[in-house]
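The block underneath contains the structure these notes are about, expressed in structure tokens.
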Amino acid sequence: MKENTLICTQKIPAGIDEVWDFFSDPHNVVKITPKAMFMKITNSEDVGNISEGMTVRYKLYPFFDFPVSWTTEITRVERPHVFEDEQKDGPYDVWRHKHLFREIPGGVEMTDIIEYRMPFGALGEFLNDVLIRQRLEYVFEYRRKKIEEIFGVLRAVAS
């Protein structure tokens with residue numbers, strides 16, 4: 001079956017430690033996810049700043065009134081430059097999300113690399129082509145805008 005990749009990059013006008021602290025707190029993913037998805041962490045009492053092996057359980061409504069339970073595990077942490085999470089239980093056959101942070105003049109370049117594979121063979125790929133991929137792109141565009149609201153927009157820095 002086909003593995004899909006989505007890559008999103010954003011420049012953030014803040015220091016790497018501030019950016020790391022924000023993104024390494026799983027509670028903040030709820031703040032930057034579309035409100036209409038009603039995302040919440042269901043094991044909130046067990047979740048602090050990320051560490052390898054930490055499990056985060058979510059419930060969300062990505063499409064209308066259809067609830068989805070999703071469990072991810074933090075599989076790699078290299079503060080302040082990278083962390084990775086993997087779906088352990090949820091809607092995809094495979095979901096790996098790499099978060100990269102790199103200092104640049106005036107701030108941080110953040111890159112999300114999402115690799116995922118749909119369940120249900122050809123039907124899953126069809127659903128990805130007509131619905132899922134566009135929804136993921138929408139979610140990450142929403143996140144980009146929310147991150148700009150929180151941190152601002154990095155303007156070109158003179159060299």
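By order in the structure tokens, chains are A, B, ...; within a chain, residues start at 1; ligands start at 1, following the order shown.
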Write out as number ranges by chain all residues of region 1-141 of chain A that backbone DSSP assigns to strand (DSSP E).
-> A: 4-12, 40-41, 55-63, 66-78, 82-89, 94-104, 107-117
Go through region 7-159 of chain A and collect every residue that DSSP, computed from the backbone, puts in alpha helix (DSSP H); the answer should be as a count of residues only.
-> 39
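CA of Asp89 (chain A) to CA of Asp46 (chain A) spans 17.3 Å [interatomic distance, one decimal].
If only C-alpha atoms are the atoms counted, then among A:Val94, A:Ile32, A:Met37, A:Ala122 the closest residue to Phe64 (chain A) is A:Met37.
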Pick from A:Thr75, A:Gln87, A:Ser69, A:Thr55, whichever lies nearest to Pro26 (chain A) using only C-alpha atoms = A:Thr55
Surrounding residues of Asp65 (chain A) excluding itself and chain neighbours under 4 positions, 12 Å, only C-alpha atoms, as a ChimeraX atom specification | /A:36-38,59-61
Residue subset to file, keeping N, CA and C atoms, as a PDB file, in the first residue's frame:
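What ended up in selection_25.pdb:
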```pdb
ATOM      1  N   ALA A  36     -13.636  23.210  15.613  1.00  0.00           N
ATOM      2  CA  ALA A  36     -14.740  22.348  15.177  1.00  0.00           C
ATOM      3  C   ALA A  36     -14.408  20.862  15.276  1.00  0.00           C
ATOM      4  N   MET A  37     -13.137  20.534  15.505  1.00  0.00           N
ATOM      5  CA  MET A  37     -12.746  19.133  15.644  1.00  0.00           C
ATOM      6  C   MET A  37     -12.872  18.658  17.097  1.00  0.00           C
ATOM      7  N   PHE A  38     -13.148  19.585  18.020  1.00  0.00           N
ATOM      8  CA  PHE A  38     -13.369  19.250  19.433  1.00  0.00           C
ATOM      9  C   PHE A  38     -12.289  18.317  19.981  1.00  0.00           C
ATOM     10  N   LYS A  59      -9.116  12.390  21.732  1.00  0.00           N
ATOM     11  CA  LYS A  59     -10.407  12.140  21.105  1.00  0.00           C
ATOM     12  C   LYS A  59     -10.704  13.390  20.288  1.00  0.00           C
ATOM     13  N   LEU A  60     -11.132  13.189  19.061  1.00  0.00           N
ATOM     14  CA  LEU A  60     -11.464  14.321  18.200  1.00  0.00           C
ATOM     15  C   LEU A  60     -12.535  13.918  17.209  1.00  0.00           C
ATOM     16  N   TYR A  61     -13.082  14.919  16.569  1.00  0.00           N
ATOM     17  CA  TYR A  61     -14.155  14.734  15.580  1.00  0.00           C
ATOM     18  C   TYR A  61     -13.700  15.362  14.264  1.00  0.00           C
TER      19      TYR A  61
END
```
In Å, rounded to a single decimal, give me how far CA of Leu6 (chain A) is from CA of Glu137 (chain A).
-> 8.0 Å
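Distances here use only C-alpha atoms; by that measure, the residue among A:Leu123, A:Val68, A:Ile147, A:Leu100 closest to Asn28 (chain A) is A:Ile147.
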When distances are computed from only C-alpha atoms, which of A:Gly90, A:Gly48, A:Pro62, A:Pro34 shows the smallest separation from Met118 (chain A)?
->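 When distances to Met118 (chain A) are compared using only C-alpha atoms, the smallest one comes from A:Gly90.
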List the neighbours of Val47 (chain A) out to 10 Å using only C-alpha atoms; skip same-chain residues closer than 6 positions along the sequence, and give me the result as a PDB file with N, CA and C atoms, in the first residue's frame.
```pdb
ATOM      1  N   ASP A  25       4.848  20.624  24.499  1.00  0.00           N
ATOM      2  CA  ASP A  25       3.735  20.437  25.435  1.00  0.00           C
ATOM      3  C   ASP A  25       2.529  19.968  24.626  1.00  0.00           C
ATOM      4  N   PRO A  26       2.147  18.685  24.741  1.00  0.00           N
ATOM      5  CA  PRO A  26       1.035  18.170  23.928  1.00  0.00           C
ATOM      6  C   PRO A  26      -0.284  18.923  24.112  1.00  0.00           C
ATOM      7  N   HIS A  27      -0.460  19.583  25.241  1.00  0.00           N
ATOM      8  CA  HIS A  27      -1.703  20.349  25.431  1.00  0.00           C
ATOM      9  C   HIS A  27      -1.831  21.472  24.400  1.00  0.00           C
ATOM     10  N   ILE A  41      -7.325  15.901  25.007  1.00  0.00           N
ATOM     11  CA  ILE A  41      -6.437  14.850  25.496  1.00  0.00           C
ATOM     12  C   ILE A  41      -7.207  14.102  26.567  1.00  0.00           C
ATOM     13  N   MET A  54       6.488   8.431  26.183  1.00  0.00           N
ATOM     14  CA  MET A  54       5.240   8.999  26.686  1.00  0.00           C
ATOM     15  C   MET A  54       4.112   8.717  25.696  1.00  0.00           C
ATOM     16  N   THR A  55       2.954   8.374  26.231  1.00  0.00           N
ATOM     17  CA  THR A  55       1.772   8.102  25.416  1.00  0.00           C
ATOM     18  C   THR A  55       0.760   9.217  25.622  1.00  0.00           C
ATOM     19  N   VAL A  56       0.195   9.683  24.527  1.00  0.00           N
ATOM     20  CA  VAL A  56      -0.843  10.713  24.576  1.00  0.00           C
ATOM     21  C   VAL A  56      -2.066  10.155  23.871  1.00  0.00           C
ATOM     22  N   ARG A  57      -3.206  10.223  24.555  1.00  0.00           N
ATOM     23  CA  ARG A  57      -4.461   9.749  23.970  1.00  0.00           C
ATOM     24  C   ARG A  57      -5.362  10.953  23.693  1.00  0.00           C
TER      25      ARG A  57
END
```
Skip Leu136 (chain A) itself and residues of its chain fewer than 6 positions away, then list as a CSV table (one decimal) with C-alpha atoms, in the first residue's frame all residues within 12 Å of it, counting only C-alpha atoms.
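Listed below is the output, out36.csv:
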```csv
chain,number,residue,atom,x,y,z
A,4,ASN,CA,1.8,9.4,1.8
A,5,THR,CA,3.9,12.3,2.9
A,6,LEU,CA,2.9,15.8,3.9
A,7,ILE,CA,5.6,18.4,4.7
A,8,CYS,CA,4.8,21.8,6.2
A,33,THR,CA,-6.2,22.4,16.1
A,34,PRO,CA,-9.5,23.6,14.5
A,62,PRO,CA,-12.3,15.2,12.3
A,63,PHE,CA,-15.5,14.8,10.2
A,114,ILE,CA,4.0,13.5,8.3
A,115,GLU,CA,4.2,10.0,6.8
A,116,TYR,CA,1.0,8.1,6.8
A,128,ASN,CA,-7.2,9.9,0.9
A,129,ASP,CA,-7.3,11.4,-2.6
A,130,VAL,CA,-10.8,12.9,-2.3
A,142,TYR,CA,-5.1,26.3,10.3
A,143,ARG,CA,-2.2,25.6,12.6
```
Which of A:Trp70, A:Arg117, A:Val30, A:Tyr138 sits closest to Glu3 (chain A) [using only C-alpha atoms] |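 So, comparing all the options, the nearest one is A:Arg117.
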When you look at Ile104 (chain A) with a cut-off of 12 Å (counting only C-alpha atoms), what residues show up, excluding the ones that are within fewer than 2 positions of it in the same chain? I need them as an mmCIF file with N, CA and C atoms, in the first residue's frame.
```
data_model
loop_
_atom_site.group_PDB
_atom_site.id
_atom_site.type_symbol
_atom_site.label_atom_id
_atom_site.label_comp_id
_atom_site.auth_asym_id
_atom_site.auth_seq_id
_atom_site.Cartn_x
_atom_site.Cartn_y
_atom_site.Cartn_z
ATOM 1 N N GLN A 10 7.352 26.362 8.481
ATOM 2 C CA GLN A 10 6.937 27.684 8.925
ATOM 3 C C GLN A 10 8.093 28.350 9.658
ATOM 4 N N LYS A 11 8.257 29.650 9.417
ATOM 5 C CA LYS A 11 9.273 30.427 10.115
ATOM 6 C C LYS A 11 8.601 31.185 11.251
ATOM 7 N N ILE A 12 9.193 31.097 12.440
ATOM 8 C CA ILE A 12 8.579 31.642 13.653
ATOM 9 C C ILE A 12 9.551 32.637 14.282
ATOM 10 N N PRO A 13 9.086 33.872 14.566
ATOM 11 C CA PRO A 13 9.963 34.898 15.137
ATOM 12 C C PRO A 13 10.099 34.768 16.662
ATOM 13 N N ALA A 14 10.763 33.716 17.088
ATOM 14 C CA ALA A 14 10.983 33.490 18.515
ATOM 15 C C ALA A 14 12.232 32.647 18.672
ATOM 16 N N GLY A 15 12.742 32.593 19.894
ATOM 17 C CA GLY A 15 13.917 31.790 20.172
ATOM 18 C C GLY A 15 13.582 30.306 20.165
ATOM 19 N N ILE A 16 14.600 29.500 19.919
ATOM 20 C CA ILE A 16 14.379 28.064 19.791
ATOM 21 C C ILE A 16 13.851 27.451 21.091
ATOM 22 N N PHE A 101 13.134 21.570 14.318
ATOM 23 C CA PHE A 101 13.303 22.974 14.682
ATOM 24 C C PHE A 101 14.750 23.361 14.395
ATOM 25 N N ARG A 102 14.909 24.462 13.650
ATOM 26 C CA ARG A 102 16.247 24.906 13.252
ATOM 27 C C ARG A 102 16.325 26.410 13.432
ATOM 28 N N GLY A 106 16.661 35.634 13.038
ATOM 29 C CA GLY A 106 15.391 36.202 13.478
ATOM 30 C C GLY A 106 14.415 35.216 14.085
ATOM 31 N N GLY A 107 14.781 33.930 14.154
ATOM 32 C CA GLY A 107 13.819 33.002 14.723
ATOM 33 C C GLY A 107 14.149 31.538 14.501
ATOM 34 N N VAL A 108 13.102 30.784 14.232
ATOM 35 C CA VAL A 108 13.198 29.332 14.101
ATOM 36 C C VAL A 108 12.416 28.895 12.866
ATOM 37 N N GLU A 109 12.997 27.982 12.118
ATOM 38 C CA GLU A 109 12.259 27.323 11.053
ATOM 39 C C GLU A 109 11.779 25.992 11.600
ATOM 40 N N MET A 110 10.462 25.799 11.554
ATOM 41 C CA MET A 110 9.852 24.564 12.038
ATOM 42 C C MET A 110 9.344 23.795 10.822
ATOM 43 N N LEU A 154 7.421 36.083 10.961
ATOM 44 C CA LEU A 154 8.831 36.402 10.784
ATOM 45 C C LEU A 154 9.012 37.197 9.493
ATOM 46 N N ARG A 155 9.426 38.404 9.643
ATOM 47 C CA ARG A 155 9.698 39.267 8.482
ATOM 48 C C ARG A 155 11.104 38.980 7.985
ATOM 49 N N ALA A 156 11.392 39.320 6.757
ATOM 50 C CA ALA A 156 12.730 39.120 6.211
ATOM 51 C C ALA A 156 13.747 39.853 7.071
ATOM 52 N N VAL A 157 14.837 39.170 7.362
ATOM 53 C CA VAL A 157 15.890 39.743 8.184
ATOM 54 C C VAL A 157 17.035 40.142 7.247
ATOM 55 N N SER A 159 20.657 40.829 5.936
ATOM 56 C CA SER A 159 21.911 40.125 6.262
ATOM 57 C C SER A 159 23.095 41.043 6.277
#
```
For the atom pair CA of Glu149 (chain A) and CA of Ile132 (chain A), what is the interatomic distance in Å to one decimal place?
->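 One can read the CA of Glu149 (chain A) to CA of Ile132 (chain A) distance as 25.8 Å.
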